[in-house]
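Here's protein-v7.pdb, which has PDB, C-alpha atoms:
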```pdb
ATOM      1  CA  MET C   1      -0.172 -55.356   7.020  1.00  0.00           C
ATOM      2  CA  GLY C   2      -1.769 -52.567   5.007  1.00  0.00           C
ATOM      3  CA  GLN C   3      -1.784 -48.875   5.870  1.00  0.00           C
ATOM      4  CA  PRO C   4      -4.673 -47.581   7.976  1.00  0.00           C
ATOM      5  CA  HIS C   5      -7.517 -46.204   5.920  1.00  0.00           C
ATOM      6  CA  GLY C   6      -6.885 -42.602   4.867  1.00  0.00           C
ATOM      7  CA  LEU C   7      -3.209 -42.577   5.913  1.00  0.00           C
ATOM      8  CA  GLU C   8      -1.863 -42.879   2.362  1.00  0.00           C
ATOM      9  CA  SER C   9      -3.842 -39.859   1.153  1.00  0.00           C
ATOM     10  CA  SER C  10      -2.503 -37.715   3.993  1.00  0.00           C
ATOM     11  CA  PHE C  11       1.101 -38.189   2.781  1.00  0.00           C
ATOM     12  CA  ARG C  12       0.863 -37.075  -0.822  1.00  0.00           C
ATOM     13  CA  ALA C  13       4.222 -36.686  -2.492  1.00  0.00           C
ATOM     14  CA  SER C  14       5.189 -33.129  -3.278  1.00  0.00           C
ATOM     15  CA  PRO C  15       5.522 -32.537  -7.038  1.00  0.00           C
ATOM     16  CA  PRO C  16       8.978 -31.556  -8.317  1.00  0.00           C
ATOM     17  CA  ALA C  17       9.689 -27.874  -7.717  1.00  0.00           C
ATOM     18  CA  PRO C  18      10.647 -25.771 -10.755  1.00  0.00           C
ATOM     19  CA  ALA C  19      14.345 -24.938 -11.057  1.00  0.00           C
ATOM     20  CA  LEU C  20      13.887 -21.275 -10.176  1.00  0.00           C
ATOM     21  CA  PRO C  21      16.607 -18.983  -8.822  1.00  0.00           C
ATOM     22  CA  GLY C  22      16.488 -18.397  -5.086  1.00  0.00           C
ATOM     23  CA  ASP C  23      14.427 -20.350  -2.551  1.00  0.00           C
ATOM     24  CA  VAL C  24      11.391 -22.368  -3.644  1.00  0.00           C
ATOM     25  CA  VAL C  25       8.734 -23.200  -1.038  1.00  0.00           C
ATOM     26  CA  VAL C  26       6.130 -25.818  -2.078  1.00  0.00           C
ATOM     27  CA  ARG C  27       3.049 -26.667  -0.012  1.00  0.00           C
ATOM     28  CA  GLU C  28       0.076 -28.824  -0.919  1.00  0.00           C
ATOM     29  CA  THR C  29      -2.736 -26.324  -0.476  1.00  0.00           C
ATOM     30  CA  LEU C  30      -3.243 -22.603  -0.920  1.00  0.00           C
ATOM     31  CA  GLU C  31      -4.058 -22.209   2.773  1.00  0.00           C
ATOM     32  CA  GLU C  32      -0.813 -23.882   3.847  1.00  0.00           C
ATOM     33  CA  LEU C  33       1.130 -21.728   1.428  1.00  0.00           C
ATOM     34  CA  LEU C  34      -0.481 -18.501   2.612  1.00  0.00           C
ATOM     35  CA  ASP C  35       0.525 -19.434   6.158  1.00  0.00           C
ATOM     36  CA  GLU C  36       4.154 -19.694   5.013  1.00  0.00           C
ATOM     37  CA  VAL C  37       4.155 -16.382   3.167  1.00  0.00           C
ATOM     38  CA  ALA C  38       2.332 -14.553   5.948  1.00  0.00           C
ATOM     39  CA  GLU C  39       4.796 -15.880   8.534  1.00  0.00           C
ATOM     40  CA  ASP C  40       7.766 -14.725   6.444  1.00  0.00           C
ATOM     41  CA  VAL C  41       6.270 -11.259   5.896  1.00  0.00           C
ATOM     42  CA  ALA C  42       5.467 -10.908   9.606  1.00  0.00           C
ATOM     43  CA  THR C  43       8.987 -11.980  10.577  1.00  0.00           C
ATOM     44  CA  GLN C  44      10.511  -9.547   8.105  1.00  0.00           C
ATOM     45  CA  ALA C  45       8.311  -6.763   9.456  1.00  0.00           C
ATOM     46  CA  SER C  46       9.307  -7.381  13.068  1.00  0.00           C
ATOM     47  CA  ASN C  47      13.009  -7.614  12.213  1.00  0.00           C
ATOM     48  CA  CYS C  48      12.988  -4.396  10.183  1.00  0.00           C
ATOM     49  CA  VAL C  49      11.063  -2.419  12.803  1.00  0.00           C
ATOM     50  CA  ARG C  50      13.586  -3.515  15.433  1.00  0.00           C
ATOM     51  CA  ALA C  51      16.544  -2.655  13.189  1.00  0.00           C
ATOM     52  CA  PHE C  52      15.328   0.527  11.463  1.00  0.00           C
ATOM     53  CA  GLY C  53      12.203   1.701  13.253  1.00  0.00           C
ATOM     54  CA  ASP C  54       9.885   0.999  10.310  1.00  0.00           C
ATOM     55  CA  PHE C  55       8.969  -1.567   7.651  1.00  0.00           C
ATOM     56  CA  HIS C  56       8.548  -0.870   3.927  1.00  0.00           C
ATOM     57  CA  LEU C  57       6.229  -3.332   2.182  1.00  0.00           C
ATOM     58  CA  ALA C  58       5.416  -3.179  -1.548  1.00  0.00           C
ATOM     59  CA  LEU C  59       2.382  -5.093  -2.851  1.00  0.00           C
ATOM     60  CA  SER C  60       1.191  -6.004  -6.310  1.00  0.00           C
ATOM     61  CA  GLY C  61      -2.489  -6.311  -7.124  1.00  0.00           C
ATOM     62  CA  ALA C  62      -2.336 -10.020  -7.977  1.00  0.00           C
ATOM     63  CA  ARG C  63      -5.210 -12.147  -6.677  1.00  0.00           C
ATOM     64  CA  ALA C  64      -2.876 -14.293  -4.590  1.00  0.00           C
ATOM     65  CA  VAL C  65      -1.432 -11.161  -2.989  1.00  0.00           C
ATOM     66  CA  ARG C  66      -4.918  -9.982  -2.097  1.00  0.00           C
ATOM     67  CA  ARG C  67      -5.521 -13.323  -0.364  1.00  0.00           C
ATOM     68  CA  LEU C  68      -2.290 -12.861   1.538  1.00  0.00           C
ATOM     69  CA  VAL C  69      -3.284  -9.400   2.778  1.00  0.00           C
ATOM     70  CA  MET C  70      -6.616 -10.794   3.937  1.00  0.00           C
ATOM     71  CA  ARG C  71      -4.793 -13.544   5.834  1.00  0.00           C
ATOM     72  CA  LEU C  72      -2.533 -11.010   7.554  1.00  0.00           C
ATOM     73  CA  MET C  73      -5.573  -9.015   8.603  1.00  0.00           C
ATOM     74  CA  ILE C  74      -7.926 -11.726   9.874  1.00  0.00           C
ATOM     75  CA  ASP C  75      -5.643 -14.459  11.234  1.00  0.00           C
ATOM     76  CA  PRO C  76      -5.071 -13.981  14.992  1.00  0.00           C
ATOM     77  CA  SER C  77      -1.542 -15.361  14.551  1.00  0.00           C
ATOM     78  CA  PHE C  78      -0.546 -12.090  12.865  1.00  0.00           C
ATOM     79  CA  ARG C  79      -2.375  -9.697  15.165  1.00  0.00           C
ATOM     80  CA  GLU C  80       0.940  -8.311  16.422  1.00  0.00           C
ATOM     81  CA  LEU C  81       2.181  -7.322  12.975  1.00  0.00           C
ATOM     82  CA  PRO C  82       3.558  -3.748  13.415  1.00  0.00           C
ATOM     83  CA  TRP C  83       1.204  -1.954  11.023  1.00  0.00           C
ATOM     84  CA  LYS C  84       1.665   1.331  12.908  1.00  0.00           C
ATOM     85  CA  TYR C  85       5.292   1.380  11.749  1.00  0.00           C
ATOM     86  CA  THR C  86       4.630  -0.022   8.266  1.00  0.00           C
ATOM     87  CA  HIS C  87       4.783   1.899   4.981  1.00  0.00           C
ATOM     88  CA  VAL C  88       2.770   0.259   2.203  1.00  0.00           C
ATOM     89  CA  TRP C  89       3.757   0.860  -1.417  1.00  0.00           C
ATOM     90  CA  VAL C  90       2.245  -0.535  -4.617  1.00  0.00           C
ATOM     91  CA  THR C  91       4.402  -2.116  -7.304  1.00  0.00           C
ATOM     92  CA  SER C  92       2.057  -0.976 -10.065  1.00  0.00           C
ATOM     93  CA  ASP C  93      -1.302   0.651 -10.655  1.00  0.00           C
ATOM     94  CA  LEU C  94      -3.606   1.545 -13.526  1.00  0.00           C
ATOM     95  CA  GLU C  95      -5.359   4.751 -14.481  1.00  0.00           C
ATOM     96  CA  VAL C  96      -8.693   3.536 -13.103  1.00  0.00           C
ATOM     97  CA  GLN C  97     -10.936   4.539 -10.211  1.00  0.00           C
ATOM     98  CA  GLU C  98     -10.019   3.148  -6.781  1.00  0.00           C
ATOM     99  CA  THR C  99     -13.371   1.352  -6.778  1.00  0.00           C
ATOM    100  CA  ASP C 100     -12.295  -0.594  -9.886  1.00  0.00           C
ATOM    101  CA  ASP C 101     -11.257  -4.195  -9.107  1.00  0.00           C
ATOM    102  CA  ARG C 102      -8.073  -3.610 -11.114  1.00  0.00           C
ATOM    103  CA  SER C 103      -6.909  -0.799  -8.823  1.00  0.00           C
ATOM    104  CA  THR C 104      -4.015  -1.887  -6.591  1.00  0.00           C
ATOM    105  CA  ILE C 105      -4.325   1.073  -4.238  1.00  0.00           C
ATOM    106  CA  GLY C 106      -8.055   0.404  -4.076  1.00  0.00           C
ATOM    107  CA  MET C 107      -7.244  -3.110  -2.841  1.00  0.00           C
ATOM    108  CA  VAL C 108      -4.772  -1.748  -0.280  1.00  0.00           C
ATOM    109  CA  GLN C 109      -7.207   0.863   1.012  1.00  0.00           C
ATOM    110  CA  GLY C 110     -10.089  -1.602   1.099  1.00  0.00           C
ATOM    111  CA  LEU C 111      -8.261  -4.371   2.980  1.00  0.00           C
ATOM    112  CA  LEU C 112      -5.942  -2.264   5.125  1.00  0.00           C
ATOM    113  CA  GLY C 113      -6.964   1.404   5.120  1.00  0.00           C
ATOM    114  CA  ASP C 114      -8.623   2.242   8.435  1.00  0.00           C
ATOM    115  CA  HIS C 115      -8.650  -1.409   9.545  1.00  0.00           C
ATOM    116  CA  ALA C 116      -4.927  -2.025  10.130  1.00  0.00           C
ATOM    117  CA  GLY C 117      -4.103   1.153  12.033  1.00  0.00           C
ATOM    118  CA  ILE C 118      -1.584   2.353   9.434  1.00  0.00           C
ATOM    119  CA  PRO C 119      -1.285   6.165   9.450  1.00  0.00           C
ATOM    120  CA  SER C 120      -2.779   7.426   6.179  1.00  0.00           C
ATOM    121  CA  ALA C 121       0.503   9.150   5.234  1.00  0.00           C
ATOM    122  CA  GLN C 122       2.184   5.732   5.240  1.00  0.00           C
ATOM    123  CA  ILE C 123      -0.005   4.327   2.465  1.00  0.00           C
ATOM    124  CA  HIS C 124       1.653   5.500  -0.739  1.00  0.00           C
ATOM    125  CA  ALA C 125      -0.569   5.700  -3.814  1.00  0.00           C
ATOM    126  CA  MET C 126       0.717   6.103  -7.362  1.00  0.00           C
ATOM    127  CA  SER C 127      -0.688   8.805  -9.653  1.00  0.00           C
ATOM    128  CA  PRO C 128      -0.922   7.065 -13.039  1.00  0.00           C
ATOM    129  CA  HIS C 129      -3.348   9.751 -14.274  1.00  0.00           C
ATOM    130  CA  LEU C 130      -0.675  12.457 -14.002  1.00  0.00           C
ATOM    131  CA  PRO C 131       1.983  13.013 -16.707  1.00  0.00           C
ATOM    132  CA  ASP C 132       4.652  13.321 -14.004  1.00  0.00           C
ATOM    133  CA  GLY C 133       3.243  10.492 -11.900  1.00  0.00           C
ATOM    134  CA  SER C 134       6.425   8.416 -12.147  1.00  0.00           C
ATOM    135  CA  ASN C 135       8.560  11.327 -10.940  1.00  0.00           C
ATOM    136  CA  ARG C 136       6.185  11.967  -8.045  1.00  0.00           C
ATOM    137  CA  TYR C 137       6.373   8.367  -6.864  1.00  0.00           C
ATOM    138  CA  GLU C 138      10.144   8.261  -7.222  1.00  0.00           C
ATOM    139  CA  ASP C 139      10.432  11.425  -5.130  1.00  0.00           C
ATOM    140  CA  ASP C 140       8.113   9.956  -2.505  1.00  0.00           C
ATOM    141  CA  LEU C 141      10.229   6.791  -2.326  1.00  0.00           C
ATOM    142  CA  LYS C 142      13.500   8.682  -2.067  1.00  0.00           C
ATOM    143  CA  GLN C 143      12.292  11.179   0.527  1.00  0.00           C
ATOM    144  CA  THR C 144      10.650   8.534   2.711  1.00  0.00           C
ATOM    145  CA  LEU C 145      13.576   6.110   2.620  1.00  0.00           C
ATOM    146  CA  ALA C 146      16.106   8.919   3.096  1.00  0.00           C
ATOM    147  CA  TRP C 147      15.471   8.797   6.862  1.00  0.00           C
ATOM    148  CA  ARG C 148      17.417   5.556   6.985  1.00  0.00           C
ATOM    149  CA  GLU C 149      21.185   5.119   6.955  1.00  0.00           C
ATOM    150  CA  LYS C 150      22.738   4.962   3.504  1.00  0.00           C
ATOM    151  CA  GLY C 151      22.740   1.376   2.320  1.00  0.00           C
ATOM    152  CA  HIS C 152      19.572   0.564   4.247  1.00  0.00           C
ATOM    153  CA  ASP C 153      17.409   2.942   2.193  1.00  0.00           C
ATOM    154  CA  ARG C 154      15.569   0.270   0.221  1.00  0.00           C
ATOM    155  CA  LEU C 155      12.322  -1.657   0.300  1.00  0.00           C
ATOM    156  CA  ASP C 156      12.183  -4.382   2.935  1.00  0.00           C
ATOM    157  CA  CYS C 157       9.724  -6.736   1.251  1.00  0.00           C
ATOM    158  CA  VAL C 158       8.113  -6.874  -2.212  1.00  0.00           C
ATOM    159  CA  VAL C 159       5.244  -9.309  -2.815  1.00  0.00           C
ATOM    160  CA  LEU C 160       4.437 -10.205  -6.424  1.00  0.00           C
ATOM    161  CA  GLY C 161       2.165 -12.713  -8.134  1.00  0.00           C
ATOM    162  CA  VAL C 162       2.200 -14.817 -11.296  1.00  0.00           C
ATOM    163  CA  ASP C 163      -0.598 -14.463 -13.840  1.00  0.00           C
ATOM    164  CA  SER C 164      -2.135 -17.152 -16.068  1.00  0.00           C
ATOM    165  CA  SER C 165       0.341 -16.452 -18.889  1.00  0.00           C
ATOM    166  CA  GLY C 166       3.324 -17.068 -16.641  1.00  0.00           C
ATOM    167  CA  SER C 167       4.252 -13.402 -16.337  1.00  0.00           C
ATOM    168  CA  ILE C 168       5.136 -11.729 -13.068  1.00  0.00           C
ATOM    169  CA  GLU C 169       2.361  -9.328 -12.102  1.00  0.00           C
ATOM    170  CA  GLY C 170       3.184  -5.976 -10.650  1.00  0.00           C
ATOM    171  CA  LEU C 171       6.134  -4.996 -12.830  1.00  0.00           C
ATOM    172  CA  ALA C 172       6.440  -3.125 -16.106  1.00  0.00           C
ATOM    173  CA  ALA C 173       6.903  -5.401 -19.114  1.00  0.00           C
ATOM    174  CA  SER C 174      10.108  -3.624 -20.089  1.00  0.00           C
ATOM    175  CA  THR C 175      12.122  -1.714 -17.542  1.00  0.00           C
ATOM    176  CA  SER C 176      15.741  -2.693 -18.159  1.00  0.00           C
ATOM    177  CA  SER C 177      16.528   0.460 -20.164  1.00  0.00           C
ATOM    178  CA  SER C 178      15.188   2.796 -17.484  1.00  0.00           C
ATOM    179  CA  ASP C 179      17.427   4.329 -14.834  1.00  0.00           C
ATOM    180  CA  GLY C 180      14.419   5.514 -12.830  1.00  0.00           C
ATOM    181  CA  LEU C 181      12.554   3.770 -10.043  1.00  0.00           C
ATOM    182  CA  VAL C 182       9.100   3.936 -11.620  1.00  0.00           C
ATOM    183  CA  VAL C 183       8.103   3.870 -15.288  1.00  0.00           C
ATOM    184  CA  ARG C 184       4.934   4.517 -17.253  1.00  0.00           C
ATOM    185  CA  ASP C 185       3.451   1.361 -18.674  1.00  0.00           C
ATOM    186  CA  ASP C 186       0.565   0.616 -21.052  1.00  0.00           C
ATOM    187  CA  PRO C 187      -0.823  -2.827 -20.181  1.00  0.00           C
ATOM    188  CA  GLY C 188      -3.878  -3.753 -22.212  1.00  0.00           C
ATOM    189  CA  GLY C 189      -4.302  -0.208 -23.494  1.00  0.00           C
ATOM    190  CA  ILE C 190      -4.785   1.269 -20.002  1.00  0.00           C
ATOM    191  CA  ARG C 191      -2.046   3.606 -18.884  1.00  0.00           C
ATOM    192  CA  GLY C 192      -0.369   2.799 -15.635  1.00  0.00           C
ATOM    193  CA  LEU C 193       2.791   3.065 -13.563  1.00  0.00           C
ATOM    194  CA  SER C 194       5.085   0.257 -12.470  1.00  0.00           C
ATOM    195  CA  MET C 195       8.174  -0.123 -10.346  1.00  0.00           C
ATOM    196  CA  THR C 196      11.298  -1.031 -12.293  1.00  0.00           C
ATOM    197  CA  THR C 197      12.968  -4.391 -11.852  1.00  0.00           C
ATOM    198  CA  GLY C 198      16.009  -2.497 -10.559  1.00  0.00           C
ATOM    199  CA  LEU C 199      14.003  -1.109  -7.641  1.00  0.00           C
ATOM    200  CA  VAL C 200      12.508  -4.507  -6.854  1.00  0.00           C
ATOM    201  CA  ARG C 201      15.887  -6.271  -7.049  1.00  0.00           C
ATOM    202  CA  ALA C 202      17.246  -3.940  -4.368  1.00  0.00           C
ATOM    203  CA  SER C 203      14.639  -5.186  -1.870  1.00  0.00           C
ATOM    204  CA  ARG C 204      15.658  -7.270   1.139  1.00  0.00           C
ATOM    205  CA  LEU C 205      13.045  -9.917   0.416  1.00  0.00           C
ATOM    206  CA  ILE C 206      11.272 -10.571  -2.892  1.00  0.00           C
ATOM    207  CA  SER C 207       8.316 -12.937  -2.508  1.00  0.00           C
ATOM    208  CA  VAL C 208       6.595 -14.356  -5.594  1.00  0.00           C
ATOM    209  CA  LEU C 209       3.335 -16.304  -5.270  1.00  0.00           C
ATOM    210  CA  GLY C 210       2.420 -18.871  -7.911  1.00  0.00           C
ATOM    211  CA  ILE C 211      -1.013 -20.182  -6.960  1.00  0.00           C
ATOM    212  CA  GLY C 212      -3.062 -22.912  -8.614  1.00  0.00           C
ATOM    213  CA  GLU C 213      -3.813 -22.500 -12.278  1.00  0.00           C
ATOM    214  CA  HIS C 214      -2.095 -19.105 -12.255  1.00  0.00           C
ATOM    215  CA  GLY C 215       1.100 -20.818 -11.196  1.00  0.00           C
ATOM    216  CA  ALA C 216       0.866 -23.700 -13.654  1.00  0.00           C
ATOM    217  CA  PRO C 217       3.355 -22.171 -16.155  1.00  0.00           C
ATOM    218  CA  MET C 218       6.055 -22.094 -13.462  1.00  0.00           C
ATOM    219  CA  HIS C 219       8.132 -24.893 -15.005  1.00  0.00           C
ATOM    220  CA  GLU C 220       8.144 -23.076 -18.325  1.00  0.00           C
ATOM    221  CA  MET C 221       9.016 -19.828 -16.569  1.00  0.00           C
ATOM    222  CA  ALA C 222      12.004 -21.563 -14.987  1.00  0.00           C
ATOM    223  CA  LYS C 223      13.397 -22.150 -18.487  1.00  0.00           C
ATOM    224  CA  SER C 224      13.091 -18.494 -19.463  1.00  0.00           C
ATOM    225  CA  GLU C 225      15.107 -15.405 -18.579  1.00  0.00           C
ATOM    226  CA  LEU C 226      12.210 -13.829 -16.655  1.00  0.00           C
ATOM    227  CA  PRO C 227      13.066 -15.168 -13.173  1.00  0.00           C
ATOM    228  CA  GLY C 228      16.597 -13.802 -13.462  1.00  0.00           C
ATOM    229  CA  SER C 229      15.260 -10.317 -14.119  1.00  0.00           C
ATOM    230  CA  ILE C 230      14.205 -10.046 -10.472  1.00  0.00           C
ATOM    231  CA  ALA C 231      17.242 -11.741  -8.952  1.00  0.00           C
ATOM    232  CA  PRO C 232      18.057  -9.744  -5.799  1.00  0.00           C
ATOM    233  CA  LEU C 233      21.161  -7.580  -5.649  1.00  0.00           C
ATOM    234  CA  SER C 234      21.820  -8.320  -1.977  1.00  0.00           C
ATOM    235  CA  GLY C 235      18.631  -9.848  -0.628  1.00  0.00           C
ATOM    236  CA  VAL C 236      16.532 -13.007  -0.828  1.00  0.00           C
ATOM    237  CA  LEU C 237      14.262 -14.172  -3.658  1.00  0.00           C
ATOM    238  CA  ARG C 238      11.649 -16.681  -2.519  1.00  0.00           C
ATOM    239  CA  TRP C 239       8.987 -18.410  -4.641  1.00  0.00           C
ATOM    240  CA  TYR C 240       5.861 -19.834  -2.992  1.00  0.00           C
ATOM    241  CA  LEU C 241       4.046 -22.533  -4.974  1.00  0.00           C
ATOM    242  CA  ASP C 242       1.181 -24.856  -4.169  1.00  0.00           C
ATOM    243  CA  HIS C 243       0.979 -28.358  -5.680  1.00  0.00           C
ATOM    244  CA  ALA C 244      -1.337 -27.151  -8.431  1.00  0.00           C
ATOM    245  CA  ALA C 245       1.288 -24.621  -9.510  1.00  0.00           C
ATOM    246  CA  CYS C 246       3.766 -27.472 -10.030  1.00  0.00           C
ATOM    247  CA  ALA C 247       1.295 -29.851 -11.668  1.00  0.00           C
ATOM    248  CA  SER C 248       2.553 -29.332 -15.222  1.00  0.00           C
ATOM    249  CA  GLU C 249       5.741 -31.236 -14.375  1.00  0.00           C
ATOM    250  CA  LEU C 250       3.708 -34.197 -13.181  1.00  0.00           C
ATOM    251  CA  LYS C 251       1.725 -34.228 -16.420  1.00  0.00           C
ATOM    252  CA  ASP C 252       4.834 -33.962 -18.589  1.00  0.00           C
ATOM    253  CA  GLY C 253       7.103 -36.222 -16.596  1.00  0.00           C
ATOM    254  CA  GLY C 254       4.554 -38.738 -15.351  1.00  0.00           C
TER     255      GLY C 254
END
```
Go ahead and render the structure in this file as structure tokens.
Amino acid sequence: MGQPHGLESSFRASPPAPALPGDVVVRETLEELLDEVAEDVATQASNCVRAFGDFHLALSGARAVRRLVMRLMIDPSFRELPWKYTHVWVTSDLEVQETDDRSTIGMVQGLLGDHAGIPSAQIHAMSPHLPDGSNRYEDDLKQTLAWREKGHDRLDCVVLGVDSSGSIEGLAASTSSSDGLVVRDDPGGIRGLSMTTGLVRASRLISVLGIGEHGAPMHEMAKSELPGSIAPLSGVLRWYLDHAACASELKDGG
């Protein structure tokens, strides 16, 4: 007896996940994947607010991250997310106007801003246009996190994305030689600031989104040293990939 019409297509085999360090979550569609990430961020937020009184979330400007923020804002399932007690940081930003699509803080202000109920002082913008912008952001991080007990003074969740070249968006290209928390970067000839990998590695939860064609180099990334550069010091590293992000393995391995 054959399978009912349409049943076979509803049970598509998941493609092999890349051998990345940490946890790897694979879902068929972008929408299913965003549900997973949003649920994990919301859970982390609630846990941290209960434990410490606030939640420190750092966002990159990757397109997948923007989709995630939109999901957190419009999906009724996440209406109880404690934005009032949330501090939002950016992992990197460029010396461009906030109205520029490449501006990370512009994305944060546009999607969250007045809409989420976050006090304006809890949205932390970088100052890439200032010579001492990195020092200013480091001081802001230290002073804000200093209210917590020693050992808990770190970011609670960092959300990064993967670009079409297989690089992790939201971090400086070279930060290993820096002892600071934020460094000046020069991506594509535009000056900017980026968090160091050391700061990101100290986070409780590091979430990396590899979506569709921008996640397609994930199997190649797994063979490189790049994933290890964000291995957490005492937290969790979790990769979120849709089927399209794992498709290269199916093409290569049949």
Atom pair atom CA of C:Thr91 / atom CA of C:Gln44: separation (Å)
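Answer for the atom CA of C:Thr91 to atom CA of C:Gln44 separation: 18.2 Å.
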Taking only C-alpha atoms into account, produce a table as a Markdown table in which each residue of stretch 87-137 of chain C with an atom at most 6 Å from an atom of stretch 193-200 of chain C appears once, together with its shortest atom pair and the distance in Å to one decimal, ordered by chain and rising number.
```
| residue | atom | partner | partner_atom | distance |
| --- | --- | --- | --- | --- |
| C:Thr91 | CA | C:Met195 | CA | 5.2 |
| C:Ser92 | CA | C:Ser194 | CA | 4.1 |
| C:Asp93 | CA | C:Leu193 | CA | 5.6 |
| C:Pro128 | CA | C:Leu193 | CA | 5.5 |
```
What would the file look like if the residues just selected were written as an mmCIF file, keeping the file's coordinate frame with C-alpha atoms?
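Everything below was put into selection.cif:
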```
data_model
loop_
_atom_site.group_PDB
_atom_site.id
_atom_site.type_symbol
_atom_site.label_atom_id
_atom_site.label_comp_id
_atom_site.auth_asym_id
_atom_site.auth_seq_id
_atom_site.Cartn_x
_atom_site.Cartn_y
_atom_site.Cartn_z
ATOM 1 C CA THR C 91 4.402 -2.116 -7.304
ATOM 2 C CA SER C 92 2.057 -0.976 -10.065
ATOM 3 C CA ASP C 93 -1.302 0.651 -10.655
ATOM 4 C CA PRO C 128 -0.922 7.065 -13.039
#
```
Select, counting only C-alpha atoms, all protein, DNA and RNA residues no farther than 9 Å from (4.2, -6.6, 15.1) in file coordinates, and express the selection as a list of chain:residue names.
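The distance filter leaves exactly C:Ala42, C:Thr43, C:Ala45, C:Ser46, C:Val49, C:Phe78, C:Arg79, C:Glu80, C:Leu81, C:Pro82, C:Trp83, C:Lys84, C:Tyr85.
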Give me the result of the PyMOL selection byres ((chain C and resi 151) around 12) on this file, residue by residue, as JSON, numbers by chain.
{"C": [52, 145, 146, 147, 148, 149, 150, 152, 153, 154, 155, 202, 203, 204, 234]}
Please expand the PyMOL selection byres ((chain C and resi 62) around 8) into the concrete residues it hits in this file, giving the result as an NGL selection string.
:C and (60-61 or 63-66 or 160-163 or 169-170)
Excluding C:Leu57 and residues on its chain fewer than 3 positions from it, collect all residues at most 9 Å away from it, counting all atoms listed in the file, and give them as a list in words.
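So, after excluding close chain neighbours, the residues are Val41, Ala45, Thr86, His87, Val88, Trp89, Val90, Leu155, Asp156, Cys157, Val158 and Val159 of chain C.
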Give me, as a list in words, all polymer residues having an atom no more than 10 Å from C:Val96, counting all atoms listed in the file and skipping those fewer than 4 positions away in the same chain.
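Counting only the stated atoms, we get Asp100, Asp101, Arg102, Ser103, Thr104, Gly106, Pro128, His129, Ile190, Arg191 and Gly192 of chain C.
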Fewer than 5 positions away in the same chain doesn't count, so skip those; otherwise give me all residues within 10 Å of C:Leu130, counting all atoms listed in the file, as a PyMOL selection string.
chain C and resi 95+135-136+192
Show me, as AutoDock Vina command-line options, the centre and edge lengths in Å to one decimal of the axis-aligned box that covers every listed atom of stretch 115-134 of chain C with 4 Å on each side.
```
--center_x -1.1 --center_y 5.6 --center_z -2.3 --size_x 23.1 --size_y 23.3 --size_z 36.7
```
Once the PyMOL selection byres ((chain C and resi 236) around 9) is applied to the coordinates I shared, what remains selected? I want it as a short mmCIF file (atom, residue, chain, number, x, y, z; two decimals) with C-alpha atoms, in the coordinates of the input.
```
data_model
loop_
_atom_site.label_atom_id
_atom_site.label_comp_id
_atom_site.auth_asym_id
_atom_site.auth_seq_id
_atom_site.Cartn_x
_atom_site.Cartn_y
_atom_site.Cartn_z
CA GLY C 22 16.49 -18.40 -5.09
CA ASP C 23 14.43 -20.35 -2.55
CA SER C 203 14.64 -5.19 -1.87
CA ARG C 204 15.66 -7.27 1.14
CA LEU C 205 13.04 -9.92 0.42
CA ILE C 206 11.27 -10.57 -2.89
CA SER C 207 8.32 -12.94 -2.51
CA ALA C 231 17.24 -11.74 -8.95
CA PRO C 232 18.06 -9.74 -5.80
CA LEU C 233 21.16 -7.58 -5.65
CA SER C 234 21.82 -8.32 -1.98
CA GLY C 235 18.63 -9.85 -0.63
CA LEU C 237 14.26 -14.17 -3.66
CA ARG C 238 11.65 -16.68 -2.52
#
```
Hey, which of C:Met218, C:Val208, C:Asp140, C:Met73 ends up closest to C:His115? Count only C-alpha atoms.
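Counting only C-alpha atoms, the residue closest to C:His115 is C:Met73.
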